[in-house]
Amino acid sequence: MSSEHTKVEHAQEHESMTKSKIWKVFFILLGITVVEFIIALAVPETLVPKPVKDFAYIILTLVKAFYIVAFFMHLKFEKYTLIVGLLVSFIFILYFIVLMINEGNYMNSHMNL
Amino acid sequence: MDTIAKLDEIKTTPWAGGRSPFQIEYGKLMMWFFLLSDAFTFSAFLIYYGAQRFSKMTWPDPDLVFQSIPGITDTGAPLVFVGIMTFILIASSVTMVLAVEAGHRNAKKEVVWWMVATIIGGFTFLGCQALEWTHLHHEGFWWGTVPSAEVITELGADGVSAQQFANLFFTITGFHGFHVFTGVLINIIILIMTMAGVFERRGHYLMVEKVGLYWHFVDLVWVFVFTFFYLV
């Protein structure tokens, strides 16, 4: 890749991630973690059942993952083709999750008799 | 316009050829590909953990297994120590982006200091993990080893599920810890190169961005490990 190209890229990136933006993302990540702690420690399970809590944890984790990948790893500011190329691969992981959770459930009902 | 003229038109769409559709520096693209493959490895580990947990009738209660703060209290403080570890890793991720940001401005001194902060964060995290492992080891957990039957019952598990928990905990956090360790080593190499002025002479700090990608990925994996081992 030519050095000219790298310079163009540099200029774009310089605009996209400023110091104040970095600290903003940090406080968002910290805030989400604090919310997770509050759900875990301060909300009794009589009020919110465990499966609902687990669902909330997973959603909050995905939100955190979005902020890390999009802003810290800078993916939000890359070319559309790269973003899609990387994200589409996660279909395999989703499919694997579905398969293995199904498998776990099957074992739970057939091996623990 | 006739057909020939249409064919002669210069196409400028991303996939029209003549230039990379990704328009990203080669090393960064390769780092992304590596991280994608690494994401598959970690997913496989965590999905297997999930499948095991779904298949068992019982599972050790994370609030009871992880309730100590090394050096302060042995019981009654679930999530506190791992919360500190999470904070350290997120903070070291921030110092890493700040190093990248300083690199964009070619501010060598700032890059050096933010890299030093990142390395300190990495070592602190590894130290915390060593304490966590030591604590669990003293409780009786290890690869292929579980505490006595009474202790396991207290944790809300049985022999089989406690064993699966122990094996998967040490394997997955161990594999993650190994990534943190290599990340720290790579950060140290980059720090030395920065201090030696290699990137200053090169005119850009792209290497800092590439190790930054790796370092954020390690943080990203921890976010998932934290959720599935400590919260769920």
# chains A, B, ... in the order shown; residues from 1 in each chain; ligands from 1

call {"tool": "interface_residues", "arguments": {"of": "chain A", "to": "chain B", "cutoff": "6 Å", "atoms": "only C-alpha atoms", "output": "list of chain:residue names"}}
result
A:Asp54, A:Met73, A:Lys79, A:Thr81, A:Leu82, A:Ile97, A:Met100, A:Ile101, A:Gly104, A:Asn105, A:Met107, A:Asn108

call {"tool": "residues_around", "arguments": {"residues": "segment 171-175 of chain B", "least_positions_apart": "4", "cutoff": "7 Å", "atoms": "only C-alpha atoms", "output": "MDAnalysis selection string"}}
result
chainID B and resid 45 167 179

call {"tool": "write_last_selection", "arguments": {"atoms": "C-alpha atoms", "output": "PDB file, in the first residue's frame"}}
result
ATOM      1  CA  PHE B  45     -14.719 -22.584  24.337  1.00  0.00           C
ATOM      2  CA  ASN B 167     -11.860 -27.685  34.076  1.00  0.00           C
ATOM      3  CA  HIS B 179      -3.608 -13.767  25.539  1.00  0.00           C
TER       4      HIS B 179
END

call {"tool": "atom_distance", "arguments": {"atom1": "atom CA of His110 of chain A", "atom2": "atom CA of Thr58 of chain B"}}
result
14.9 Å

call {"tool": "residues_around", "arguments": {"residues": "Lys24 of chain A", "least_positions_apart": "5", "cutoff": "12 Å", "atoms": "only C-alpha atoms", "output": "count of residues only"}}
result
11

call {"tool": "closest_residue", "arguments": {"among": "B:Thr3, B:Val211, B:Thr194, B:Gln67", "to": "Met30 of chain B", "atoms": "only C-alpha atoms"}}
result
B:Val211
